$ cat model-v1.cif   # mmCIF, C-alpha atoms and all ligand atoms
data_target
loop_
_atom_site.label_atom_id
_atom_site.label_comp_id
_atom_site.auth_asym_id
_atom_site.auth_seq_id
_atom_site.Cartn_x
_atom_site.Cartn_y
_atom_site.Cartn_z
CA MET A 1 0.00 0.00 0.00
CA ILE A 2 1.30 3.51 -0.91
CA LYS A 3 1.95 5.97 1.97
CA GLU A 4 -1.12 8.19 2.23
CA SER A 5 0.69 11.50 2.75
CA PHE A 6 2.41 11.20 -0.64
CA ILE A 7 -0.63 10.35 -2.68
CA HIS A 8 -1.59 12.43 -5.61
CA ILE A 9 -3.33 10.52 -8.35
CA PRO A 10 -4.36 12.61 -11.36
CA MET A 11 -6.77 11.49 -14.10
CA VAL A 12 -3.84 11.06 -16.52
CA ASN A 13 -0.06 10.89 -16.01
CA LEU A 14 1.29 12.73 -19.03
CA ASP A 15 4.66 13.26 -17.33
CA ARG A 16 5.13 9.52 -16.74
CA GLU A 17 4.27 8.75 -20.34
CA TYR A 18 6.74 11.41 -21.51
CA LEU A 19 9.55 9.94 -19.41
CA LEU A 20 8.88 6.50 -20.88
CA LEU A 21 9.21 7.81 -24.45
CA LYS A 22 11.68 10.63 -23.83
CA ASN A 23 14.52 9.01 -25.78
CA GLU A 24 12.31 8.51 -28.79
CA ILE A 25 10.68 11.92 -28.73
CA GLU A 26 13.55 14.27 -28.02
CA PRO A 27 15.92 13.56 -30.97
CA SER A 28 13.21 14.47 -33.54
CA LEU A 29 12.31 17.60 -31.61
CA GLN A 30 15.96 18.61 -31.61
CA THR A 31 16.22 17.99 -35.36
CA ILE A 32 13.14 20.11 -36.03
CA LEU A 33 14.31 22.94 -33.77
CA GLU A 34 17.67 23.01 -35.53
CA SER A 35 16.11 22.78 -39.00
CA GLY A 36 14.08 25.97 -38.60
CA ARG A 37 11.21 24.23 -40.42
CA TYR A 38 8.33 24.32 -37.95
CA ILE A 39 5.30 24.33 -40.25
CA GLN A 40 4.63 21.54 -42.80
CA GLY A 41 7.60 19.47 -43.98
CA PRO A 42 8.68 15.84 -43.65
CA TYR A 43 7.47 15.22 -40.09
CA ILE A 44 3.91 16.09 -41.10
CA GLU A 45 4.07 13.81 -44.14
CA ARG A 46 5.56 11.02 -42.04
CA PHE A 47 2.89 11.18 -39.34
CA GLU A 48 0.09 11.39 -41.91
CA SER A 49 1.31 8.31 -43.75
CA GLU A 50 1.97 6.30 -40.55
CA TRP A 51 -1.41 7.18 -39.02
CA ALA A 52 -3.18 6.40 -42.34
CA ALA A 53 -1.45 3.00 -42.45
CA TYR A 54 -2.41 2.25 -38.84
CA LEU A 55 -6.04 3.16 -39.53
CA ASN A 56 -5.95 1.35 -42.87
CA SER A 57 -7.43 4.47 -44.39
CA ASN A 58 -6.53 5.70 -47.88
CA PHE A 59 -6.20 9.38 -46.98
CA LEU A 60 -5.20 11.16 -43.81
CA ILE A 61 -5.10 14.91 -43.35
CA SER A 62 -3.75 16.48 -40.19
CA CYS A 63 -5.23 19.67 -38.75
CA ALA A 64 -5.04 21.92 -35.71
CA ASN A 65 -7.43 20.16 -33.31
CA GLY A 66 -10.40 17.81 -33.06
CA THR A 67 -13.00 20.57 -33.20
CA ASP A 68 -11.52 21.85 -36.46
CA ALA A 69 -11.53 18.28 -37.79
CA LEU A 70 -15.30 18.11 -37.26
CA GLN A 71 -15.85 21.55 -38.78
CA ILE A 72 -13.70 20.75 -41.81
CA ALA A 73 -15.52 17.43 -42.28
CA LEU A 74 -18.91 19.16 -42.33
CA MET A 75 -17.61 21.88 -44.67
CA ALA A 76 -16.37 19.23 -47.11
CA LEU A 77 -19.70 17.44 -47.49
CA GLU A 78 -22.47 18.53 -49.84
CA LEU A 79 -24.70 20.04 -47.15
CA SER A 80 -26.98 23.09 -47.16
CA ALA A 81 -28.04 25.51 -44.43
CA GLY A 82 -30.92 24.04 -42.42
CA ASP A 83 -29.93 20.41 -43.01
CA GLU A 84 -30.31 18.22 -39.95
CA ILE A 85 -27.36 16.44 -38.40
CA ILE A 86 -28.10 13.71 -35.90
CA MET A 87 -25.77 13.40 -32.95
CA PRO A 88 -25.95 11.97 -29.42
CA SER A 89 -27.57 14.02 -26.65
CA TYR A 90 -24.62 13.14 -24.43
CA GLY A 91 -20.98 13.86 -25.19
CA TYR A 92 -18.46 16.59 -25.85
CA VAL A 93 -19.98 19.68 -27.46
CA SER A 94 -17.72 20.15 -30.50
CA ALA A 95 -20.04 18.40 -33.00
CA ALA A 96 -23.05 20.54 -32.08
CA GLU A 97 -21.01 23.70 -31.88
CA VAL A 98 -19.54 23.42 -35.38
CA ALA A 99 -22.85 22.23 -36.89
CA ILE A 100 -24.59 25.38 -35.61
CA LEU A 101 -21.70 27.62 -36.66
CA LEU A 102 -22.11 26.28 -40.20
CA GLY A 103 -25.88 26.82 -40.25
CA PHE A 104 -26.98 23.20 -39.76
CA ILE A 105 -29.45 21.91 -37.18
CA PRO A 106 -28.23 19.38 -34.64
CA VAL A 107 -30.84 16.77 -33.78
CA PHE A 108 -30.03 15.31 -30.38
CA VAL A 109 -30.82 11.62 -30.05
CA ASP A 110 -30.58 9.77 -26.76
CA VAL A 111 -27.80 7.37 -25.87
CA GLY A 112 -27.95 3.95 -24.27
CA MET A 113 -26.50 3.43 -20.79
CA ASP A 114 -23.21 2.66 -22.61
CA TYR A 115 -23.07 6.38 -23.59
CA ASN A 116 -23.36 5.71 -27.34
CA LEU A 117 -26.17 6.56 -29.79
CA ASN A 118 -29.25 4.40 -29.28
CA ILE A 119 -29.86 2.83 -32.69
CA GLU A 120 -33.63 2.37 -32.25
CA PHE A 121 -34.03 6.08 -31.39
CA LEU A 122 -31.70 6.96 -34.24
CA ASN A 123 -33.94 5.14 -36.69
CA ASP A 124 -36.92 7.08 -35.38
CA ALA A 125 -35.13 10.45 -35.57
CA ILE A 126 -34.20 10.26 -39.25
CA SER A 127 -36.28 12.67 -41.34
CA SER A 128 -36.21 13.81 -44.96
CA ARG A 129 -33.98 16.69 -43.79
CA THR A 130 -31.39 14.41 -42.13
CA LYS A 131 -28.18 14.59 -44.13
CA CYS A 132 -25.55 13.38 -41.71
CA ILE A 133 -25.06 11.37 -38.52
CA ILE A 134 -22.21 12.04 -36.11
CA PRO A 135 -21.68 9.11 -33.75
CA ILE A 136 -19.34 9.97 -30.88
CA HIS A 137 -17.38 6.92 -29.75
CA LEU A 138 -17.59 8.07 -26.17
CA PHE A 139 -15.00 7.21 -23.54
CA GLY A 140 -13.26 4.90 -26.02
CA LEU A 141 -16.13 2.48 -26.69
CA PRO A 142 -17.13 2.52 -30.37
CA ALA A 143 -20.80 2.98 -31.23
CA ASN A 144 -22.62 0.13 -32.98
CA MET A 145 -21.26 1.00 -36.42
CA SER A 146 -22.62 -2.08 -38.22
CA ARG A 147 -26.19 -1.04 -37.62
CA LEU A 148 -25.51 2.67 -37.87
CA LEU A 149 -23.78 2.36 -41.26
CA ALA A 150 -26.55 0.12 -42.56
CA LEU A 151 -29.17 2.70 -41.55
CA ALA A 152 -27.17 5.56 -43.04
CA ASP A 153 -26.71 3.63 -46.25
CA GLU A 154 -30.42 2.85 -46.48
CA HIS A 155 -31.26 6.58 -46.17
CA GLY A 156 -28.31 7.93 -48.17
CA ILE A 157 -26.90 9.85 -45.21
CA TYR A 158 -23.26 10.78 -44.55
CA VAL A 159 -21.55 9.46 -41.41
CA VAL A 160 -18.89 11.61 -39.75
CA GLU A 161 -17.28 9.69 -36.90
CA ASP A 162 -16.20 11.69 -33.88
CA ALA A 163 -13.38 9.36 -32.87
CA ALA A 164 -11.64 11.97 -30.68
CA GLN A 165 -11.83 9.59 -27.70
CA ALA A 166 -11.35 6.35 -29.60
CA ALA A 167 -7.87 6.34 -31.20
CA GLY A 168 -6.99 2.69 -31.73
CA ALA A 169 -10.37 1.21 -30.78
CA ASP A 170 -11.72 -1.56 -33.00
CA VAL A 171 -15.11 -1.80 -34.65
CA GLN A 172 -16.47 -4.98 -36.15
CA ILE A 173 -18.44 -4.77 -39.39
CA ASN A 174 -19.73 -7.95 -41.03
CA GLY A 175 -17.17 -10.00 -39.13
CA THR A 176 -14.23 -7.82 -40.14
CA MET A 177 -12.29 -5.63 -37.74
CA HIS A 178 -11.64 -1.98 -38.58
CA LYS A 179 -10.32 0.97 -36.64
CA ALA A 180 -12.84 3.39 -35.16
CA GLY A 181 -12.88 6.52 -37.32
CA SER A 182 -12.04 4.66 -40.51
CA VAL A 183 -15.48 3.30 -41.44
CA GLY A 184 -17.65 6.41 -41.87
CA THR A 185 -17.59 8.89 -44.75
CA ILE A 186 -15.00 10.85 -42.73
CA GLY A 187 -13.36 10.11 -39.38
CA CYS A 188 -12.27 12.88 -37.00
CA PHE A 189 -9.62 12.66 -34.29
CA SER A 190 -8.34 14.95 -31.56
CA HIS A 191 -4.71 14.68 -30.48
CA PHE A 192 -5.20 16.85 -27.40
CA PRO A 193 -2.57 15.78 -24.81
CA THR A 194 -4.94 13.66 -22.69
CA LYS A 195 -6.29 11.67 -25.64
CA ASN A 196 -5.10 8.08 -26.17
CA LEU A 197 -2.94 9.36 -29.05
CA GLY A 198 -2.15 12.83 -27.77
CA CYS A 199 0.59 15.33 -28.61
CA PHE A 200 2.02 18.07 -26.36
CA GLY A 201 -0.36 20.78 -27.48
CA ASP A 202 -3.35 20.88 -29.81
CA GLY A 203 -3.63 18.58 -32.77
CA GLY A 204 -6.24 16.83 -34.89
CA SER A 205 -6.67 14.67 -37.97
CA LEU A 206 -9.23 13.48 -40.51
CA CYS A 207 -9.35 10.29 -42.51
CA THR A 208 -11.38 9.13 -45.49
CA ASN A 209 -11.23 6.57 -48.27
CA ASP A 210 -12.76 8.98 -50.81
CA GLU A 211 -10.09 10.64 -52.96
CA LYS A 212 -12.16 13.67 -54.01
CA LEU A 213 -13.26 14.30 -50.45
CA ALA A 214 -9.65 13.98 -49.26
CA ALA A 215 -8.55 16.65 -51.73
CA LYS A 216 -11.29 18.96 -50.46
CA LEU A 217 -10.43 18.29 -46.81
CA LYS A 218 -6.81 19.15 -47.55
CA MET A 219 -7.81 22.41 -49.26
CA LEU A 220 -10.11 23.32 -46.37
CA THR A 221 -7.24 23.04 -43.89
CA ALA A 222 -5.20 25.47 -46.02
CA HIS A 223 -7.41 28.50 -46.70
CA GLY A 224 -9.21 26.70 -49.52
CA GLN A 225 -6.14 26.60 -51.75
CA ASN A 226 -4.34 23.75 -53.44
CA ARG A 227 -1.97 26.08 -55.24
CA LYS A 228 -0.34 28.75 -53.14
CA TYR A 229 -2.29 32.04 -53.27
CA PHE A 230 -5.09 30.60 -55.44
CA HIS A 231 -8.13 30.24 -53.14
CA ASP A 232 -10.93 28.23 -54.75
CA ILE A 233 -13.16 27.73 -51.70
CA ILE A 234 -13.55 29.29 -48.26
CA GLY A 235 -11.34 27.38 -45.87
CA LEU A 236 -9.58 27.62 -42.53
CA ASN A 237 -6.03 27.89 -41.36
CA SER A 238 -5.87 24.58 -39.51
CA ARG A 239 -2.46 22.96 -39.30
CA LEU A 240 -0.72 20.44 -37.12
CA ASP A 241 2.80 21.75 -36.51
CA ALA A 242 5.96 19.76 -37.11
CA LEU A 243 6.86 19.38 -33.40
CA GLN A 244 3.45 17.87 -32.62
CA ALA A 245 3.65 15.58 -35.65
CA ALA A 246 7.04 14.27 -34.49
CA ILE A 247 5.63 13.58 -31.02
CA LEU A 248 2.68 11.72 -32.50
CA SER A 249 4.98 9.62 -34.72
CA ALA A 250 7.04 8.67 -31.67
CA LYS A 251 3.93 7.71 -29.70
CA LEU A 252 2.01 5.88 -32.43
CA PRO A 253 4.02 2.60 -32.20
CA TYR A 254 2.99 2.41 -28.52
CA LEU A 255 -0.71 3.10 -29.02
CA ASP A 256 -1.82 -0.55 -29.00
CA GLN A 257 0.35 -1.38 -26.00
CA PHE A 258 -0.92 1.64 -24.04
CA ASN A 259 -4.53 0.78 -24.94
CA ARG A 260 -3.94 -2.81 -23.72
CA GLN A 261 -2.62 -1.43 -20.45
CA ARG A 262 -5.76 0.65 -20.10
CA ARG A 263 -7.85 -2.50 -20.67
CA ASN A 264 -5.83 -4.32 -18.00
CA ASN A 265 -6.44 -1.40 -15.65
CA ALA A 266 -10.17 -1.66 -16.35
CA LEU A 267 -10.04 -5.35 -15.40
CA LEU A 268 -8.22 -4.50 -12.18
CA TYR A 269 -10.82 -1.89 -11.27
CA ALA A 270 -13.50 -4.52 -11.93
CA LYS A 271 -11.73 -6.97 -9.63
CA TYR A 272 -11.52 -4.52 -6.72
CA PHE A 273 -15.14 -3.42 -7.20
CA GLU A 274 -16.42 -6.99 -7.50
CA SER A 275 -18.30 -6.94 -4.21
CA ASN A 276 -19.39 -3.28 -4.37
CA HIS A 277 -22.95 -3.64 -5.60
CA ASN A 278 -23.63 0.10 -5.49
CA ILE A 279 -21.43 0.68 -8.49
CA LEU A 280 -22.20 -0.15 -12.11
CA LEU A 281 -18.98 -0.64 -14.06
CA PRO A 282 -18.45 0.14 -17.73
CA GLU A 283 -18.82 -3.05 -19.75
CA TYR A 284 -15.59 -4.93 -20.38
CA ASN A 285 -15.05 -5.18 -24.09
CA GLU A 286 -11.94 -6.03 -26.12
CA ASN A 287 -12.81 -3.17 -28.50
CA HIS A 288 -12.93 -0.62 -25.69
CA ILE A 289 -9.83 1.50 -25.21
CA TYR A 290 -11.00 3.08 -21.93
CA HIS A 291 -10.19 6.67 -22.78
CA GLN A 292 -12.18 7.14 -19.59
CA PHE A 293 -13.11 4.62 -16.93
CA THR A 294 -16.58 5.82 -16.00
CA ILE A 295 -18.62 4.23 -13.25
CA GLN A 296 -22.31 4.81 -12.56
CA CYS A 297 -24.10 4.99 -9.21
CA ASP A 298 -26.81 6.96 -7.41
CA ARG A 299 -26.11 10.65 -7.23
CA PRO A 300 -25.66 11.00 -3.43
CA TYR A 301 -23.20 8.08 -3.41
CA ARG A 302 -21.43 9.49 -6.46
CA ASP A 303 -21.01 12.84 -4.77
CA ARG A 304 -19.69 11.16 -1.60
CA ILE A 305 -17.18 9.17 -3.66
CA LYS A 306 -15.96 12.33 -5.37
CA LEU A 307 -15.47 14.10 -2.04
CA ALA A 308 -13.74 11.13 -0.40
CA LEU A 309 -11.34 10.81 -3.35
CA MET A 310 -10.60 14.52 -3.30
CA GLU A 311 -9.75 14.37 0.41
CA LYS A 312 -7.19 11.65 -0.39
CA GLY A 313 -5.65 13.60 -3.28
CA ILE A 314 -7.26 11.42 -5.96
CA ALA A 315 -8.76 13.10 -9.00
CA SER A 316 -12.15 12.20 -10.46
CA MET A 317 -14.27 13.98 -13.06
CA ILE A 318 -17.91 14.24 -13.98
CA TYR A 319 -17.98 13.81 -17.74
CA TYR A 320 -20.46 15.46 -18.31
CA PRO A 321 -22.57 17.41 -15.82
CA LEU A 322 -25.08 18.57 -18.49
CA PRO A 323 -26.21 16.78 -21.67
CA MET A 324 -25.22 18.38 -24.98
CA SER A 325 -28.93 18.67 -25.70
CA ARG A 326 -29.47 20.90 -22.65
CA GLN A 327 -26.56 23.31 -23.13
CA LYS A 328 -27.78 26.91 -23.05
CA ALA A 329 -25.84 27.85 -26.19
CA PHE A 330 -27.76 25.36 -28.33
CA GLN A 331 -31.31 26.16 -27.21
CA GLY A 332 -33.49 27.30 -30.10
CA LYS A 333 -30.80 26.26 -32.57
CA ALA A 334 -31.21 22.50 -32.33
CA ARG A 335 -33.93 19.89 -32.04
CA ILE A 336 -34.10 17.51 -29.09
CA HIS A 337 -35.41 14.13 -30.22
CA SER A 338 -34.74 12.31 -26.93
CA ASP A 339 -32.42 12.69 -23.95
CA THR A 340 -33.84 10.82 -20.94
CA ASN A 341 -30.82 8.56 -20.52
CA ALA A 342 -28.48 11.47 -21.20
CA GLN A 343 -29.97 13.36 -18.26
CA LEU A 344 -29.78 10.28 -16.04
CA LEU A 345 -26.14 9.67 -16.98
CA CYS A 346 -25.20 13.22 -16.01
CA GLU A 347 -26.51 12.46 -12.51
CA ARG A 348 -24.90 9.04 -12.23
CA SER A 349 -21.50 9.16 -13.94
CA LEU A 350 -18.07 9.54 -12.42
CA SER A 351 -14.80 9.02 -14.26
CA LEU A 352 -11.90 7.65 -12.23
CA PRO A 353 -8.17 8.01 -12.98
CA MET A 354 -7.31 6.05 -16.11
CA ASN A 355 -4.15 5.96 -18.18
CA SER A 356 -1.59 3.47 -19.36
CA THR A 357 0.89 4.24 -16.55
CA LEU A 358 -1.55 3.90 -13.65
CA THR A 359 -0.12 1.27 -11.30
CA SER A 360 -1.98 -1.65 -9.75
CA GLU A 361 -1.16 -0.19 -6.31
CA GLU A 362 -2.84 3.07 -7.28
CA ILE A 363 -5.93 1.27 -8.55
CA GLU A 364 -6.13 -0.80 -5.38
CA TYR A 365 -5.83 2.37 -3.30
CA ILE A 366 -8.53 4.23 -5.27
CA CYS A 367 -10.90 1.26 -4.92
CA THR A 368 -10.15 0.89 -1.20
CA VAL A 369 -11.02 4.54 -0.60
CA ILE A 370 -14.30 4.07 -2.49
CA ASN A 371 -15.23 0.70 -1.01
CA THR A 372 -14.75 1.94 2.55
CA ILE A 373 -17.21 4.85 2.21
C1 LIG A 401 -15.61 13.54 -28.22
C2 LIG A 401 -14.79 14.76 -28.51
N1 LIG A 401 -14.98 15.40 -29.67
C3 LIG A 401 -14.26 16.48 -30.00
C4 LIG A 401 -13.31 16.98 -29.16
C5 LIG A 401 -12.59 18.23 -29.53
O1 LIG A 401 -11.21 18.04 -29.65
P1 LIG A 401 -10.20 19.26 -29.47
O2 LIG A 401 -10.15 19.60 -28.03
O3 LIG A 401 -8.91 18.73 -30.00
O4 LIG A 401 -10.72 20.38 -30.29
C6 LIG A 401 -13.06 16.35 -27.93
C7 LIG A 401 -12.06 16.88 -26.99
O5 LIG A 401 -12.21 16.84 -25.80
C8 LIG A 401 -13.83 15.21 -27.59
O6 LIG A 401 -13.65 14.56 -26.45
#

$ encode --input "model-v1.cif" --output "structure tokens"
Amino acid sequence: MIKESFIHIPMVNLDREYLLLKNEIEPSLQTILESGRYIQGPYIERFESEWAAYLNSNFLISCANGTDALQIALMALELSAGDEIIMPSYGYVSAAEVAILLGFIPVFVDVGMDYNLNIEFLNDAISSRTKCIIPIHLFGLPANMSRLLALADEHGIYVVEDAAQAAGADVQINGTMHKAGSVGTIGCFSHFPTKNLGCFGDGGSLCTNDEKLAAKLKMLTAHGQNRKYFHDIIGLNSRLDALQAAILSAKLPYLDQFNRQRRNNALLYAKYFESNHNILLPEYNENHIYHQFTIQCDRPYRDRIKLALMEKGIASMIYYPLPMSRQKAFQGKARIHSDTNAQLLCERSLSLPMNSTLTSEEIEYICTVINTI
């Protein structure tokens, strides 16, 4: 058991991960610093081709962050103002935010207790104005893409995957495994430092198998130009920088190993919580990469757990305290199809520390603090 006075357990240990990979990260950073070439260049090309190969996707375009990735994806599709975009009622707000910024109407559809889009509700929410679905693979568990893609196909609707929290997760479609993000029309990733494939600042990427779409995505990241100073469409300035690309290339070979460690940590949590019947654990699934380890329980108990952990120097987070569908900024600009579970999950969810470098001693300690409340 670790000495109590020294305990400080954060949600993620970015410093530990850095020390593990220091020798692989630092030489490229040094090379870039000495080269004076900080924007574009070989490190960007290298990361894009390595990440495309990992995802088994034909085209990969890096950009400045995950929110930009979603915005660029929606700008690239043939959509018109007023078109409806279905997305989960529960999750991170980027998808709704960019949809509204671009003049589209988010339609919020409830999630199951696994935090992902409920396919039955999704079916019911599709209207003649629905042009796109954005599943969010929340907390690292991919949505049911087999059924979702079949539905989208049947209705001729685009699918933009928000895979910000699911780098390296697997999805099974007709018995074949694919990487989350690589099976929709466009996949969007965030490389924010705390993500499973995170850099040391902001970063994002998009993937697609459609060549024409890839060319448009690329133009959109670069002020709508594909020849310098010739701007054919309205775009953004959304670039990953060379230092971040080098960091991502150094980390990518460890992504599967780190995700396996997260799965092992999830199993350990499950073992220590085995006899705590007040807690509902996230399902154990080989396709889950546990970006977050999120438990569910009654609100008073949840709030007591949070307080007890805080008193012991252990972090925990409520992802999220308010459904996307109920955010003030979106009222009057979106349609709520259903969000009963989303509201319930806001009351019941608590994310515990989770990362690849969390030790078994730390997990045991966290669980002991919780189980003795
Ligand atoms: C599900 C989801 N989508 C989108 C984003 C936005 O990514 P970024 O912070 O890189 O803009 C995040 C980041 O937290 C996220 O978790």

$ residues_around --input "model-v1.cif" --residues "Tyr115 of chain A" --least-positions-apart "5" --cutoff "9 Å" --atoms "all atoms listed in the file" --output "list in words"
Pro88, Tyr90, Gly91, Asp110, Ile136, His137, Leu138, Phe139, Leu141, Ala143, Asn341, Ala342 and Leu345 of chain A

$ residues_around --input "model-v1.cif" --residues "Phe47 of chain A" --least-positions-apart "6" --cutoff "8 Å" --atoms "all atoms listed in the file" --output "list of chain:residue names"
A:Ala245, A:Ala246, A:Leu248, A:Ser249

$ closest_atom_pairs --input "model-v1.cif" --of "segment 173-277 of chain A" --to "segment 64-69 of chain A" --cutoff "10 Å" --atoms "only C-alpha atoms" --output "tab-separated table"
residue	atom	partner	partner_atom	distance
A:Ile186	CA	A:Ala69	CA	9.6
A:Gly187	CA	A:Ala69	CA	8.5
A:Cys188	CA	A:Ala69	CA	5.5
A:Phe189	CA	A:Gly66	CA	5.4
A:Ser190	CA	A:Gly66	CA	3.8
A:His191	CA	A:Asn65	CA	6.7
A:Phe192	CA	A:Asn65	CA	7.1
A:Gly201	CA	A:Asn65	CA	9.2
A:Asp202	CA	A:Asn65	CA	5.4
A:Gly203	CA	A:Asn65	CA	4.2
A:Gly204	CA	A:Asn65	CA	3.9
A:Ser205	CA	A:Ala69	CA	6.1
A:Leu206	CA	A:Ala69	CA	6.0
A:Cys207	CA	A:Ala69	CA	9.5
A:Leu217	CA	A:Ala69	CA	9.1
A:Thr221	CA	A:Ala64	CA	8.5
A:Leu236	CA	A:Asp68	CA	8.6
A:Asn237	CA	A:Ala64	CA	8.3
A:Ser238	CA	A:Ala64	CA	4.7
A:Arg239	CA	A:Ala64	CA	4.5
A:Leu240	CA	A:Ala64	CA	4.8
A:Asp241	CA	A:Ala64	CA	7.9
A:Gln244	CA	A:Ala64	CA	9.9

$ axis_aligned_box --input "model-v1.cif" --around "ligand LIG 401 (chain A)" --padding-each-side "6 Å" --output "JSON"
{"center_x": -12.3, "center_y": 17.0, "center_z": -28.0, "size_x": 18.7, "size_y": 18.8, "size_z": 16.5}

$ atom_distance --input "model-v1.cif" --atom1 "atom CA of Gly82 of chain A" --atom2 "atom CA of Asp153 of chain A"
21.2 Å

$ closest_residue --input "model-v1.cif" --among "A:Leu122, A:Ile61, A:Ala96, A:Ile305" --to "ligand LIG 401 (chain A)" --atoms "all atoms listed in the file"
A:Ala96

$ atom_distance --input "model-v1.cif" --atom1 "atom CA of Ala222 of chain A" --atom2 "atom CA of Ile105 of chain A"
26.1 Å

$ atom_distance --input "model-v1.cif" --atom1 "atom CA of Met75 of chain A" --atom2 "atom CA of Ala214 of chain A"
12.1 Å

$ residues_near_point --input "model-v1.cif" --point "(-29.4, 8.1, -42.3)" --cutoff "9 Å" --atoms "all atoms listed in the file" --output "VMD selection string"
chain A and resid 86 122 to 123 126 to 127 130 to 133 148 to 159

$ write_last_selection --input "model-v1.cif" --atoms "C-alpha atoms" --output "compact mmCIF listing (two decimals), in the frame of the given file"
# COMPACT_ATOMS: atom_id res chain seq x y z
CA ILE A 86 -28.10 13.71 -35.90
CA LEU A 122 -31.70 6.96 -34.24
CA ASN A 123 -33.94 5.14 -36.69
CA ILE A 126 -34.20 10.26 -39.25
CA SER A 127 -36.28 12.67 -41.34
CA THR A 130 -31.39 14.41 -42.13
CA LYS A 131 -28.18 14.59 -44.13
CA CYS A 132 -25.55 13.38 -41.71
CA ILE A 133 -25.06 11.37 -38.52
CA LEU A 148 -25.51 2.67 -37.87
CA LEU A 149 -23.78 2.36 -41.26
CA ALA A 150 -26.55 0.12 -42.56
CA LEU A 151 -29.17 2.70 -41.55
CA ALA A 152 -27.17 5.56 -43.04
CA ASP A 153 -26.71 3.63 -46.25
CA GLU A 154 -30.42 2.85 -46.48
CA HIS A 155 -31.26 6.58 -46.17
CA GLY A 156 -28.31 7.93 -48.17
CA ILE A 157 -26.90 9.85 -45.21
CA TYR A 158 -23.26 10.78 -44.55
CA VAL A 159 -21.55 9.46 -41.41

$ residues_around --input "model-v1.cif" --residues "Ile289 of chain A" --least-positions-apart "5" --cutoff "7 Å" --atoms "only C-alpha atoms" --output "list in words"
Gly140, Leu141, Ala166, Ala169, Asn259, Arg262 and Arg263 of chain A

$ write_last_selection --input "model-v1.cif" --atoms "C-alpha atoms" --output "PDB file, in the frame of the given file"
ATOM      1  CA  GLY A 140     -13.260   4.900 -26.020  1.00  0.00           C
ATOM      2  CA  LEU A 141     -16.130   2.480 -26.690  1.00  0.00           C
ATOM      3  CA  ALA A 166     -11.350   6.350 -29.600  1.00  0.00           C
ATOM      4  CA  ALA A 169     -10.370   1.210 -30.780  1.00  0.00           C
ATOM      5  CA  ASN A 259      -4.530   0.780 -24.940  1.00  0.00           C
ATOM      6  CA  ARG A 262      -5.760   0.650 -20.100  1.00  0.00           C
ATOM      7  CA  ARG A 263      -7.850  -2.500 -20.670  1.00  0.00           C
TER       8      ARG A 263
END

$ closest_residue --input "model-v1.cif" --among "A:Leu307, A:Ile100, A:Met324, A:Leu350" --to "ligand LIG 401 (chain A)" --atoms "all atoms listed in the file"
A:Met324

$ closest_residue --input "model-v1.cif" --among "A:Asn265, A:Gln225, A:Asn287, A:Asn209" --to "Val171 of chain A" --atoms "only C-alpha atoms"
A:Asn287

$ closest_residue --input "model-v1.cif" --among "A:Gly175, A:Pro353, A:Pro135, A:Gly184" --to "ligand LIG 401 (chain A)" --atoms "all atoms listed in the file"
A:Pro135

$ residues_around --input "model-v1.cif" --residues "Asn56 of chain A" --least-positions-apart "6" --cutoff "9 Å" --atoms "only C-alpha atoms" --output "list of chain:residue names"
A:His178, A:Lys179, A:Ser182

$ closest_residue --input "model-v1.cif" --among "A:Thr372, A:Asn118, A:Ser94, A:Thr340" --to "ligand LIG 401 (chain A)" --atoms "only C-alpha atoms and all ligand atoms"
A:Ser94

$ closest_residue --input "model-v1.cif" --among "A:Lys328, A:Lys195, A:Lys333, A:Arg304" --to "ligand LIG 401 (chain A)" --atoms "all atoms listed in the file"
A:Lys195

$ residues_around --input "model-v1.cif" --residues "Glu364 of chain A" --least-positions-apart "2" --cutoff "10 Å" --atoms "all atoms listed in the file" --output "ChimeraX atom specification"
/A:1-2,268-269,271-273,359-362,366-370

$ write_last_selection --input "model-v1.cif" --atoms "C-alpha atoms" --output "mmCIF file, in the frame of the given file"
data_model
loop_
_atom_site.group_PDB
_atom_site.id
_atom_site.type_symbol
_atom_site.label_atom_id
_atom_site.label_comp_id
_atom_site.auth_asym_id
_atom_site.auth_seq_id
_atom_site.Cartn_x
_atom_site.Cartn_y
_atom_site.Cartn_z
ATOM 1 C CA MET A 1 0.000 0.000 0.000
ATOM 2 C CA ILE A 2 1.300 3.510 -0.910
ATOM 3 C CA LEU A 268 -8.220 -4.500 -12.180
ATOM 4 C CA TYR A 269 -10.820 -1.890 -11.270
ATOM 5 C CA LYS A 271 -11.730 -6.970 -9.630
ATOM 6 C CA TYR A 272 -11.520 -4.520 -6.720
ATOM 7 C CA PHE A 273 -15.140 -3.420 -7.200
ATOM 8 C CA THR A 359 -0.120 1.270 -11.300
ATOM 9 C CA SER A 360 -1.980 -1.650 -9.750
ATOM 10 C CA GLU A 361 -1.160 -0.190 -6.310
ATOM 11 C CA GLU A 362 -2.840 3.070 -7.280
ATOM 12 C CA ILE A 366 -8.530 4.230 -5.270
ATOM 13 C CA CYS A 367 -10.900 1.260 -4.920
ATOM 14 C CA THR A 368 -10.150 0.890 -1.200
ATOM 15 C CA VAL A 369 -11.020 4.540 -0.600
ATOM 16 C CA ILE A 370 -14.300 4.070 -2.490
#
